[in-house]
$ cat coords_37.tsv   # TSV, C-alpha atoms and all ligand atoms
chain	number	residue	atom	x	y	z
M	109	MET	CA	-73.64	-166.84	-50.24
M	110	SER	CA	-70.10	-168.13	-49.93
M	111	LEU	CA	-69.46	-171.39	-51.67
M	112	ALA	CA	-67.10	-172.64	-48.94
M	113	THR	CA	-69.25	-174.46	-46.41
M	114	HIS	CA	-66.86	-176.56	-44.33
M	115	LYS	CA	-64.62	-175.16	-41.61
M	116	PHE	CA	-63.25	-178.55	-40.61
M	117	CYS	CA	-62.18	-181.55	-42.60
M	118	PRO	CA	-64.96	-184.17	-42.86
M	119	ASN	CA	-62.23	-186.85	-42.93
M	120	CYS	CA	-59.96	-185.95	-40.00
M	121	GLY	CA	-61.51	-182.91	-38.25
M	122	HIS	CA	-58.58	-180.56	-38.84
M	123	PRO	CA	-59.32	-176.92	-39.74
M	124	LEU	CA	-59.61	-176.34	-43.47
M	125	LYS	CA	-57.75	-173.61	-45.26
M	126	PRO	CA	-59.62	-172.38	-48.36
M	127	GLU	CA	-57.58	-172.70	-51.53
M	128	PRO	CA	-56.59	-169.33	-52.91
M	129	ASN	CA	-58.88	-169.59	-55.92
M	130	GLU	CA	-61.53	-167.03	-56.67
M	131	SER	CA	-64.62	-169.18	-56.52
M	132	HIS	CA	-63.74	-171.22	-53.39
M	133	THR	CA	-64.72	-174.46	-55.06
M	134	HIS	CA	-62.51	-176.53	-52.77
M	135	SER	CA	-60.34	-176.45	-49.65
M	136	LEU	CA	-57.14	-178.18	-48.67
M	137	CYS	CA	-56.98	-179.97	-45.35
M	138	SER	CA	-53.96	-179.00	-43.23
M	139	GLY	CA	-54.14	-182.35	-41.39
M	140	CYS	CA	-54.55	-185.17	-43.89
M	141	GLY	CA	-53.75	-183.19	-47.03
M	142	GLN	CA	-56.99	-184.13	-48.74
M	143	THR	CA	-58.70	-181.70	-51.10
M	144	ILE	CA	-62.34	-181.17	-50.09
M	145	TYR	CA	-64.58	-180.24	-53.03
M	146	TYR	CA	-67.79	-178.27	-52.53
M	147	ASP	CA	-70.44	-179.90	-54.68
M	148	PRO	CA	-73.43	-177.84	-55.80
M	149	LYS	CA	-76.80	-178.30	-54.16
M	150	VAL	CA	-79.75	-179.28	-56.29
M	151	ALA	CA	-83.21	-177.79	-55.90
M	152	ALA	CA	-86.37	-178.64	-57.82
M	153	THR	CA	-89.16	-176.17	-58.49
M	154	THR	CA	-92.43	-176.52	-60.37
M	155	VAL	CA	-94.73	-174.29	-62.39
M	156	ILE	CA	-98.31	-175.52	-61.83
M	157	SER	CA	-100.63	-173.69	-64.17
M	158	ASP	CA	-104.35	-173.24	-64.53
M	159	ASN	CA	-105.40	-171.27	-67.59
M	160	GLN	CA	-103.04	-168.30	-67.62
M	161	GLN	CA	-102.39	-168.57	-63.90
M	162	VAL	CA	-99.47	-170.05	-61.95
M	163	LEU	CA	-99.41	-171.44	-58.43
M	164	LEU	CA	-97.26	-169.48	-55.98
M	165	VAL	CA	-96.57	-169.72	-52.26
M	166	LYS	CA	-96.06	-166.88	-49.80
M	167	ARG	CA	-92.92	-167.84	-47.98
M	168	GLY	CA	-92.97	-168.52	-44.26
M	169	ASN	CA	-89.17	-168.93	-44.10
M	170	GLU	CA	-86.12	-166.86	-44.82
M	171	PRO	CA	-84.81	-166.04	-47.31
M	172	GLY	CA	-87.68	-164.03	-48.71
M	173	TYR	CA	-90.08	-164.28	-45.77
M	174	GLY	CA	-93.47	-162.82	-46.76
M	175	LEU	CA	-92.63	-162.70	-50.46
M	176	TRP	CA	-93.84	-165.13	-53.10
M	177	SER	CA	-92.07	-167.96	-54.86
M	178	LEU	CA	-92.70	-171.05	-56.91
M	179	PRO	CA	-93.16	-174.17	-54.77
M	180	GLY	CA	-89.89	-176.07	-54.52
M	181	GLY	CA	-86.98	-177.12	-52.38
M	182	TYR	CA	-83.86	-179.19	-52.09
M	183	VAL	CA	-83.59	-182.63	-53.61
M	184	ASP	CA	-82.57	-185.25	-51.04
M	185	ARG	CA	-79.58	-187.45	-51.79
M	186	GLY	CA	-80.84	-190.55	-53.62
M	187	GLU	CA	-84.23	-189.00	-54.44
M	188	ILE	CA	-85.64	-188.93	-57.98
M	189	VAL	CA	-85.65	-185.25	-58.96
M	190	GLU	CA	-89.19	-185.28	-60.40
M	191	GLU	CA	-90.43	-186.94	-57.21
M	192	ALA	CA	-88.69	-184.27	-55.13
M	193	ALA	CA	-90.42	-181.58	-57.20
M	194	ALA	CA	-93.85	-183.18	-56.69
M	195	ARG	CA	-93.15	-183.79	-52.98
M	196	GLU	CA	-92.30	-180.12	-52.42
M	197	VAL	CA	-95.49	-179.00	-54.18
M	198	LEU	CA	-97.56	-181.33	-52.01
M	199	GLU	CA	-95.80	-180.25	-48.79
M	200	GLU	CA	-96.07	-176.54	-49.54
M	201	THR	CA	-99.47	-176.29	-51.24
M	202	GLY	CA	-101.55	-179.39	-50.43
M	203	LEU	CA	-101.87	-180.25	-54.13
M	204	SER	CA	-100.89	-183.60	-55.65
M	205	VAL	CA	-99.32	-182.96	-59.03
M	206	LYS	CA	-97.94	-184.81	-62.00
M	207	ILE	CA	-94.67	-183.51	-63.42
M	208	THR	CA	-95.21	-183.12	-67.16
M	209	SER	CA	-92.07	-181.55	-68.64
M	210	LEU	CA	-88.72	-179.96	-67.96
M	211	ILE	CA	-88.61	-176.18	-68.29
M	212	GLY	CA	-84.88	-175.91	-67.82
M	213	VAL	CA	-81.86	-175.97	-65.55
M	214	PHE	CA	-80.90	-172.69	-63.90
M	215	SER	CA	-77.51	-171.95	-62.37
M	216	GLN	CA	-75.43	-168.90	-61.56
M	217	LYS	CA	-71.74	-168.30	-61.19
M	218	THR	CA	-70.57	-168.29	-57.55
M	219	HIS	CA	-73.97	-169.55	-56.37
M	220	PRO	CA	-74.09	-173.06	-54.84
M	221	VAL	CA	-77.63	-174.00	-55.89
M	222	ILE	CA	-78.64	-175.48	-59.24
M	223	VAL	CA	-82.40	-175.20	-59.79
M	224	ILE	CA	-84.14	-177.73	-62.02
M	225	ALA	CA	-87.52	-176.32	-63.08
M	226	PHE	CA	-90.46	-178.44	-64.18
M	227	ALA	CA	-93.96	-177.86	-65.44
M	228	GLY	CA	-96.68	-179.88	-63.76
M	229	GLU	CA	-100.39	-180.24	-63.48
M	230	GLN	CA	-102.71	-180.70	-60.55
M	231	ILE	CA	-104.10	-184.21	-60.09
M	232	SER	CA	-105.92	-183.94	-56.75
M	233	GLY	CA	-105.96	-182.26	-53.38
M	234	SER	CA	-106.98	-178.79	-52.37
M	235	ILE	CA	-104.94	-175.74	-51.52
M	236	GLU	CA	-103.63	-175.72	-47.96
M	237	THR	CA	-100.90	-173.73	-46.31
M	238	SER	CA	-98.13	-175.47	-44.38
M	239	ASP	CA	-95.67	-174.38	-41.71
M	240	GLU	CA	-93.45	-173.24	-44.60
M	241	THR	CA	-96.12	-171.20	-46.37
M	242	LEU	CA	-98.18	-168.22	-45.19
M	243	ALA	CA	-100.50	-168.42	-48.19
M	244	VAL	CA	-100.94	-170.36	-51.42
M	245	ALA	CA	-102.65	-168.91	-54.48
M	246	PHE	CA	-102.85	-168.84	-58.25
M	247	PHE	CA	-101.76	-165.60	-59.92
M	248	ASN	CA	-102.26	-164.35	-63.42
M	249	ILE	CA	-98.91	-164.44	-65.24
M	250	ASP	CA	-99.37	-160.77	-66.19
M	251	ASP	CA	-99.97	-159.75	-62.59
M	252	LEU	CA	-97.45	-161.54	-60.38
M	253	PRO	CA	-96.96	-160.45	-56.76
M	254	GLU	CA	-93.60	-159.36	-55.33
M	255	MET	CA	-91.32	-162.37	-55.87
M	256	ALA	CA	-88.62	-163.50	-53.43
M	257	PHE	CA	-86.20	-164.64	-56.15
M	258	PRO	CA	-85.56	-163.08	-59.59
M	259	ARG	CA	-84.81	-166.64	-60.72
M	260	ASP	CA	-88.47	-167.65	-60.27
M	261	THR	CA	-89.57	-164.81	-62.55
M	262	GLN	CA	-86.99	-166.04	-65.07
M	263	ILE	CA	-88.37	-169.60	-64.79
M	264	ILE	CA	-91.95	-168.41	-65.31
M	265	ARG	CA	-90.81	-166.41	-68.36
M	266	SER	CA	-89.05	-169.49	-69.78
M	267	TRP	CA	-92.20	-171.52	-69.19
M	268	ILE	CA	-94.36	-168.91	-70.96
M	269	ASN	CA	-91.96	-168.91	-73.92
M	270	SER	CA	-92.05	-172.71	-74.15
M	271	THR	CA	-95.86	-173.01	-74.17
U	301	ZN	ZN	-58.21	-183.85	-43.16
$ encode --input "coords_37.tsv" --output "structure tokens"
Amino acid sequence: MSLATHKFCPNCGHPLKPEPNESHTHSLCSGCGQTIYYDPKVAATTVISDNQQVLLVKRGNEPGYGLWSLPGGYVDRGEIVEEAAAREVLEETGLSVKITSLIGVFSQKTHPVIVIAFAGEQISGSIETSDETLAVAFFNIDDLPEMAFPRDTQIIRSWINST
């Protein structure tokens, strides 16, 4: 995914010309001369466990349609990150959860998304699919299904190592 996301200046509407730097972290506006910086996006994801099992969702959206991932999604501007994590779990799985600890912060060079991964536990609710999820299920950590994102496997490994 390219890091440059704007074609036109958000200030004056003129076309933007990407700066000739390798990572495309900013553009220069040809109209007003302002430098437009591309901030990272923040996503929150949660490992909900039950014995040696973790809760996964079968994705109903691209990228990774039909493959499995941890429940999670983008943090809204002004939203508490832990609340975003719990909101995404509820939306995608039907389970109300309490966020219990931070697993870690995961980022990659030239990738715009920073993922903040939490551990959480189920408080109430029962498993339900949503329009974003084809299926929701617990999987044994030694027998995970085909995952949409290598990063989720990395997060689960970090969680296993921290428990
Ligand atoms: Zn401009």
$ closest_residue --input "coords_37.tsv" --among "M:Val223, M:Cys117, M:Ile144, M:Leu210" --to "Gly180 (chain M)" --atoms "all atoms listed in the file"
M:Val223
$ atom_distance --input "coords_37.tsv" --atom1 "CA of Ile207 (chain M)" --atom2 "CA of Ile188 (chain M)"
11.9 Å
$ closest_atom_pairs --input "coords_37.tsv" --of "chain M" --to "ligand ZN 301 (chain U)" --cutoff "9 Å" --atoms "all atoms listed in the file" --output "JSON lines"
{"residue": "M:Phe116", "atom": "CA", "partner": "U:ZN301", "partner_atom": "ZN", "distance": 7.7}
{"residue": "M:Cys117", "atom": "CA", "partner": "U:ZN301", "partner_atom": "ZN", "distance": 4.6}
{"residue": "M:Pro118", "atom": "CA", "partner": "U:ZN301", "partner_atom": "ZN", "distance": 6.8}
{"residue": "M:Asn119", "atom": "CA", "partner": "U:ZN301", "partner_atom": "ZN", "distance": 5.0}
{"residue": "M:Cys120", "atom": "CA", "partner": "U:ZN301", "partner_atom": "ZN", "distance": 4.2}
{"residue": "M:Gly121", "atom": "CA", "partner": "U:ZN301", "partner_atom": "ZN", "distance": 6.0}
{"residue": "M:His122", "atom": "CA", "partner": "U:ZN301", "partner_atom": "ZN", "distance": 5.4}
{"residue": "M:Pro123", "atom": "CA", "partner": "U:ZN301", "partner_atom": "ZN", "distance": 7.8}
{"residue": "M:Leu124", "atom": "CA", "partner": "U:ZN301", "partner_atom": "ZN", "distance": 7.6}
{"residue": "M:Leu136", "atom": "CA", "partner": "U:ZN301", "partner_atom": "ZN", "distance": 8.0}
{"residue": "M:Cys137", "atom": "CA", "partner": "U:ZN301", "partner_atom": "ZN", "distance": 4.6}
{"residue": "M:Ser138", "atom": "CA", "partner": "U:ZN301", "partner_atom": "ZN", "distance": 6.4}
{"residue": "M:Gly139", "atom": "CA", "partner": "U:ZN301", "partner_atom": "ZN", "distance": 4.7}
{"residue": "M:Cys140", "atom": "CA", "partner": "U:ZN301", "partner_atom": "ZN", "distance": 4.0}
{"residue": "M:Gly141", "atom": "CA", "partner": "U:ZN301", "partner_atom": "ZN", "distance": 5.9}
{"residue": "M:Gln142", "atom": "CA", "partner": "U:ZN301", "partner_atom": "ZN", "distance": 5.7}
{"residue": "M:Thr143", "atom": "CA", "partner": "U:ZN301", "partner_atom": "ZN", "distance": 8.2}
{"residue": "M:Ile144", "atom": "CA", "partner": "U:ZN301", "partner_atom": "ZN", "distance": 8.5}
$ write_last_selection --input "coords_37.tsv" --atoms "C-alpha atoms" --output "PDB file, in the coordinates of the input"
ATOM      1  CA  PHE M 116     -63.250-178.550 -40.610  1.00  0.00           C
ATOM      2  CA  CYS M 117     -62.180-181.550 -42.600  1.00  0.00           C
ATOM      3  CA  PRO M 118     -64.960-184.170 -42.860  1.00  0.00           C
ATOM      4  CA  ASN M 119     -62.230-186.850 -42.930  1.00  0.00           C
ATOM      5  CA  CYS M 120     -59.960-185.950 -40.000  1.00  0.00           C
ATOM      6  CA  GLY M 121     -61.510-182.910 -38.250  1.00  0.00           C
ATOM      7  CA  HIS M 122     -58.580-180.560 -38.840  1.00  0.00           C
ATOM      8  CA  PRO M 123     -59.320-176.920 -39.740  1.00  0.00           C
ATOM      9  CA  LEU M 124     -59.610-176.340 -43.470  1.00  0.00           C
ATOM     10  CA  LEU M 136     -57.140-178.180 -48.670  1.00  0.00           C
ATOM     11  CA  CYS M 137     -56.980-179.970 -45.350  1.00  0.00           C
ATOM     12  CA  SER M 138     -53.960-179.000 -43.230  1.00  0.00           C
ATOM     13  CA  GLY M 139     -54.140-182.350 -41.390  1.00  0.00           C
ATOM     14  CA  CYS M 140     -54.550-185.170 -43.890  1.00  0.00           C
ATOM     15  CA  GLY M 141     -53.750-183.190 -47.030  1.00  0.00           C
ATOM     16  CA  GLN M 142     -56.990-184.130 -48.740  1.00  0.00           C
ATOM     17  CA  THR M 143     -58.700-181.700 -51.100  1.00  0.00           C
ATOM     18  CA  ILE M 144     -62.340-181.170 -50.090  1.00  0.00           C
TER      19      ILE M 144
END
$ closest_residue --input "coords_37.tsv" --among "M:Val150, M:Val221, M:Leu178, M:Ala243" --to "Leu163 (chain M)" --atoms "only C-alpha atoms"
M:Leu178
$ closest_residue --input "coords_37.tsv" --among "M:Ile249, M:Glu170, M:Glu236, M:Val205" --to "Thr261 (chain M)" --atoms "all atoms listed in the file"
M:Ile249
$ residues_around --input "coords_37.tsv" --residues "Ser157 (chain M)" --least-positions-apart "5" --cutoff "8 Å" --atoms "only C-alpha atoms" --output "list in words"
Val162, Leu163, Ala227, Gly228, Glu229 and Phe246 of chain M
$ residues_near_point --input "coords_37.tsv" --point "(-105.2, -166.9, -64.4)" --cutoff "6 Å" --atoms "only C-alpha atoms" --output "list in words"
Asn159, Gln160, Gln161, Phe247 and Asn248 of chain M
$ atom_distance --input "coords_37.tsv" --atom1 "CA of Gly172 (chain M)" --atom2 "CA of Gly212 (chain M)"
22.7 Å
$ closest_residue --input "coords_37.tsv" --among "M:Thr133, M:Ser238, M:Gln230, M:Thr154" --to "Ala192 (chain M)" --atoms "all atoms listed in the file"
M:Thr154
$ atom_distance --input "coords_37.tsv" --atom1 "CA of Glu187 (chain M)" --atom2 "CA of Ser234 (chain M)"
25.0 Å
$ closest_residue --input "coords_37.tsv" --among "M:Arg265, M:Lys115, M:Lys149, M:Arg259" --to "Asp184 (chain M)" --atoms "all atoms listed in the file"
M:Lys149
$ closest_residue --input "coords_37.tsv" --among "M:Val183, M:Val189, M:Ile156, M:Ile211" --to "Ile231 (chain M)" --atoms "only C-alpha atoms"
M:Ile156
$ residues_near_point --input "coords_37.tsv" --point "(-101.1, -166.1, -44.7)" --cutoff "10 Å" --atoms "only C-alpha atoms" --output "PyMOL selection string"
chain M and resi 165-168+174+237-238+241-244
$ residues_around --input "coords_37.tsv" --residues "Met255 (chain M)" --least-positions-apart "3" --cutoff "6 Å" --atoms "all atoms listed in the file" --output "list of chain:residue names"
M:Leu175, M:Trp176, M:Ser177
$ residues_around --input "coords_37.tsv" --residues "Phe214 (chain M)" --least-positions-apart "6" --cutoff "12 Å" --atoms "only C-alpha atoms" --output "VMD selection string"
chain M and resid 149 to 153 220 to 226 258 to 264 266
$ decode --input "coords_37.tsv" --residues "region 137-249 of chain M" --atoms "C-alpha atoms" --output "PDB file, in the first residue's frame"
ATOM      1  CA  CYS M 137       1.323  21.587  -2.546  1.00  0.00           C
ATOM      2  CA  SER M 138       1.963  23.371  -5.849  1.00  0.00           C
ATOM      3  CA  GLY M 139      -0.732  25.950  -5.003  1.00  0.00           C
ATOM      4  CA  CYS M 140      -0.267  27.174  -1.444  1.00  0.00           C
ATOM      5  CA  GLY M 141       3.198  25.738  -0.860  1.00  0.00           C
ATOM      6  CA  GLN M 142       2.149  23.850   2.247  1.00  0.00           C
ATOM      7  CA  THR M 143       3.742  20.522   3.115  1.00  0.00           C
ATOM      8  CA  ILE M 144       1.088  17.842   3.675  1.00  0.00           C
ATOM      9  CA  TYR M 145       2.212  15.094   6.057  1.00  0.00           C
ATOM     10  CA  TYR M 146       0.713  11.608   5.913  1.00  0.00           C
ATOM     11  CA  ASP M 147       0.064  10.524   9.474  1.00  0.00           C
ATOM     12  CA  PRO M 148      -0.107   6.820  10.274  1.00  0.00           C
ATOM     13  CA  LYS M 149      -3.440   5.143  10.881  1.00  0.00           C
ATOM     14  CA  VAL M 150      -4.032   3.399  14.175  1.00  0.00           C
ATOM     15  CA  ALA M 151      -5.785   0.056  14.497  1.00  0.00           C
ATOM     16  CA  ALA M 152      -6.602  -1.880  17.656  1.00  0.00           C
ATOM     17  CA  THR M 153      -6.820  -5.649  17.822  1.00  0.00           C
ATOM     18  CA  THR M 154      -7.547  -8.007  20.703  1.00  0.00           C
ATOM     19  CA  VAL M 155      -6.612 -11.536  21.712  1.00  0.00           C
ATOM     20  CA  ILE M 156      -9.588 -13.012  23.597  1.00  0.00           C
ATOM     21  CA  SER M 157      -8.587 -16.336  25.075  1.00  0.00           C
ATOM     22  CA  ASP M 158     -10.353 -19.269  26.640  1.00  0.00           C
ATOM     23  CA  ASN M 159      -8.041 -21.967  27.973  1.00  0.00           C
ATOM     24  CA  GLN M 160      -5.495 -22.433  25.199  1.00  0.00           C
ATOM     25  CA  GLN M 161      -7.867 -21.091  22.566  1.00  0.00           C
ATOM     26  CA  VAL M 162      -8.104 -17.683  20.892  1.00  0.00           C
ATOM     27  CA  LEU M 163     -11.100 -15.985  19.325  1.00  0.00           C
ATOM     28  CA  LEU M 164     -10.837 -15.427  15.570  1.00  0.00           C
ATOM     29  CA  VAL M 165     -13.164 -14.073  12.909  1.00  0.00           C
ATOM     30  CA  LYS M 166     -13.540 -15.255   9.327  1.00  0.00           C
ATOM     31  CA  ARG M 167     -13.353 -12.078   7.327  1.00  0.00           C
ATOM     32  CA  GLY M 168     -16.290 -10.923   5.248  1.00  0.00           C
ATOM     33  CA  ASN M 169     -14.326  -8.001   3.761  1.00  0.00           C
ATOM     34  CA  GLU M 170     -11.220  -7.503   1.687  1.00  0.00           C
ATOM     35  CA  PRO M 171      -8.366  -7.661   2.321  1.00  0.00           C
ATOM     36  CA  GLY M 172      -8.290 -11.303   3.295  1.00  0.00           C
ATOM     37  CA  TYR M 173     -11.891 -12.215   2.483  1.00  0.00           C
ATOM     38  CA  GLY M 174     -12.630 -15.749   3.718  1.00  0.00           C
ATOM     39  CA  LEU M 175      -9.453 -15.961   5.789  1.00  0.00           C
ATOM     40  CA  TRP M 176      -9.215 -15.590   9.548  1.00  0.00           C
ATOM     41  CA  SER M 177      -7.994 -12.720  11.679  1.00  0.00           C
ATOM     42  CA  LEU M 178      -8.080 -11.379  15.195  1.00  0.00           C
ATOM     43  CA  PRO M 179     -11.070  -9.092  15.812  1.00  0.00           C
ATOM     44  CA  GLY M 180     -10.042  -5.466  15.385  1.00  0.00           C
ATOM     45  CA  GLY M 181     -10.251  -2.325  13.331  1.00  0.00           C
ATOM     46  CA  TYR M 182      -9.412   1.323  13.048  1.00  0.00           C
ATOM     47  CA  VAL M 183      -9.483   3.638  16.022  1.00  0.00           C
ATOM     48  CA  ASP M 184     -11.710   6.663  15.424  1.00  0.00           C
ATOM     49  CA  ARG M 185     -10.253  10.117  15.975  1.00  0.00           C
ATOM     50  CA  GLY M 186     -10.875  11.084  19.602  1.00  0.00           C
ATOM     51  CA  GLU M 187     -11.694   7.513  20.680  1.00  0.00           C
ATOM     52  CA  ILE M 188      -9.975   5.823  23.634  1.00  0.00           C
ATOM     53  CA  VAL M 189      -7.881   3.047  22.088  1.00  0.00           C
ATOM     54  CA  GLU M 190      -8.948   0.364  24.591  1.00  0.00           C
ATOM     55  CA  GLU M 191     -12.593   1.291  23.965  1.00  0.00           C
ATOM     56  CA  ALA M 192     -12.035   1.002  20.216  1.00  0.00           C
ATOM     57  CA  ALA M 193     -10.545  -2.464  20.741  1.00  0.00           C
ATOM     58  CA  ALA M 194     -13.546  -3.598  22.817  1.00  0.00           C
ATOM     59  CA  ARG M 195     -16.005  -1.978  20.378  1.00  0.00           C
ATOM     60  CA  GLU M 196     -14.506  -3.871  17.444  1.00  0.00           C
ATOM     61  CA  VAL M 197     -14.697  -7.180  19.318  1.00  0.00           C
ATOM     62  CA  LEU M 198     -18.363  -6.548  20.137  1.00  0.00           C
ATOM     63  CA  GLU M 199     -19.200  -5.488  16.560  1.00  0.00           C
ATOM     64  CA  GLU M 200     -17.415  -8.422  14.953  1.00  0.00           C
ATOM     65  CA  THR M 201     -18.111 -11.253  17.405  1.00  0.00           C
ATOM     66  CA  GLY M 202     -21.095 -10.344  19.619  1.00  0.00           C
ATOM     67  CA  LEU M 203     -18.975 -10.663  22.762  1.00  0.00           C
ATOM     68  CA  SER M 204     -18.586  -7.928  25.385  1.00  0.00           C
ATOM     69  CA  VAL M 205     -15.014  -7.950  26.605  1.00  0.00           C
ATOM     70  CA  LYS M 206     -12.791  -6.266  29.140  1.00  0.00           C
ATOM     71  CA  ILE M 207      -9.356  -5.212  27.910  1.00  0.00           C
ATOM     72  CA  THR M 208      -6.861  -6.564  30.442  1.00  0.00           C
ATOM     73  CA  SER M 209      -3.360  -5.804  29.148  1.00  0.00           C
ATOM     74  CA  LEU M 210      -1.266  -4.493  26.308  1.00  0.00           C
ATOM     75  CA  ILE M 211       0.476  -7.141  24.210  1.00  0.00           C
ATOM     76  CA  GLY M 212       2.446  -4.682  22.128  1.00  0.00           C
ATOM     77  CA  VAL M 213       2.580  -2.134  19.347  1.00  0.00           C
ATOM     78  CA  PHE M 214       3.223  -3.472  15.850  1.00  0.00           C
ATOM     79  CA  SER M 215       4.413  -1.370  12.917  1.00  0.00           C
ATOM     80  CA  GLN M 216       6.219  -1.937   9.654  1.00  0.00           C
ATOM     81  CA  LYS M 217       8.367   0.244   7.464  1.00  0.00           C
ATOM     82  CA  THR M 218       6.461   1.732   4.496  1.00  0.00           C
ATOM     83  CA  HIS M 219       3.140   0.516   5.914  1.00  0.00           C
ATOM     84  CA  PRO M 220       0.639   3.186   7.036  1.00  0.00           C
ATOM     85  CA  VAL M 221      -1.059   1.222   9.826  1.00  0.00           C
ATOM     86  CA  ILE M 222       0.168   0.931  13.415  1.00  0.00           C
ATOM     87  CA  VAL M 223      -1.545  -1.946  15.223  1.00  0.00           C
ATOM     88  CA  ILE M 224      -1.952  -1.790  18.993  1.00  0.00           C
ATOM     89  CA  ALA M 225      -2.647  -5.293  20.305  1.00  0.00           C
ATOM     90  CA  PHE M 226      -4.402  -6.032  23.585  1.00  0.00           C
ATOM     91  CA  ALA M 227      -5.350  -9.078  25.582  1.00  0.00           C
ATOM     92  CA  GLY M 228      -8.909  -9.203  26.823  1.00  0.00           C
ATOM     93  CA  GLU M 229     -11.440 -11.440  28.444  1.00  0.00           C
ATOM     94  CA  GLN M 230     -15.063 -12.147  27.728  1.00  0.00           C
ATOM     95  CA  ILE M 231     -17.554 -10.543  30.123  1.00  0.00           C
ATOM     96  CA  SER M 232     -20.899 -11.344  28.485  1.00  0.00           C
ATOM     97  CA  GLY M 233     -22.684 -11.909  25.214  1.00  0.00           C
ATOM     98  CA  SER M 234     -22.685 -14.858  22.883  1.00  0.00           C
ATOM     99  CA  ILE M 235     -20.922 -15.446  19.607  1.00  0.00           C
ATOM    100  CA  GLU M 236     -22.678 -13.875  16.635  1.00  0.00           C
ATOM    101  CA  THR M 237     -21.491 -13.090  13.148  1.00  0.00           C
ATOM    102  CA  SER M 238     -21.888  -9.602  11.705  1.00  0.00           C
ATOM    103  CA  ASP M 239     -21.935  -8.173   8.196  1.00  0.00           C
ATOM    104  CA  GLU M 240     -18.125  -8.002   8.513  1.00  0.00           C
ATOM    105  CA  THR M 241     -17.659 -11.603   9.627  1.00  0.00           C
ATOM    106  CA  LEU M 242     -18.578 -14.887   7.921  1.00  0.00           C
ATOM    107  CA  ALA M 243     -17.885 -16.908  11.065  1.00  0.00           C
ATOM    108  CA  VAL M 244     -16.588 -16.462  14.600  1.00  0.00           C
ATOM    109  CA  ALA M 245     -14.861 -19.237  16.530  1.00  0.00           C
ATOM    110  CA  PHE M 246     -12.261 -20.137  19.114  1.00  0.00           C
ATOM    111  CA  PHE M 247      -9.199 -21.986  17.823  1.00  0.00           C
ATOM    112  CA  ASN M 248      -6.520 -23.879  19.651  1.00  0.00           C
ATOM    113  CA  ILE M 249      -3.293 -21.866  19.505  1.00  0.00           C
TER     114      ILE M 249
END
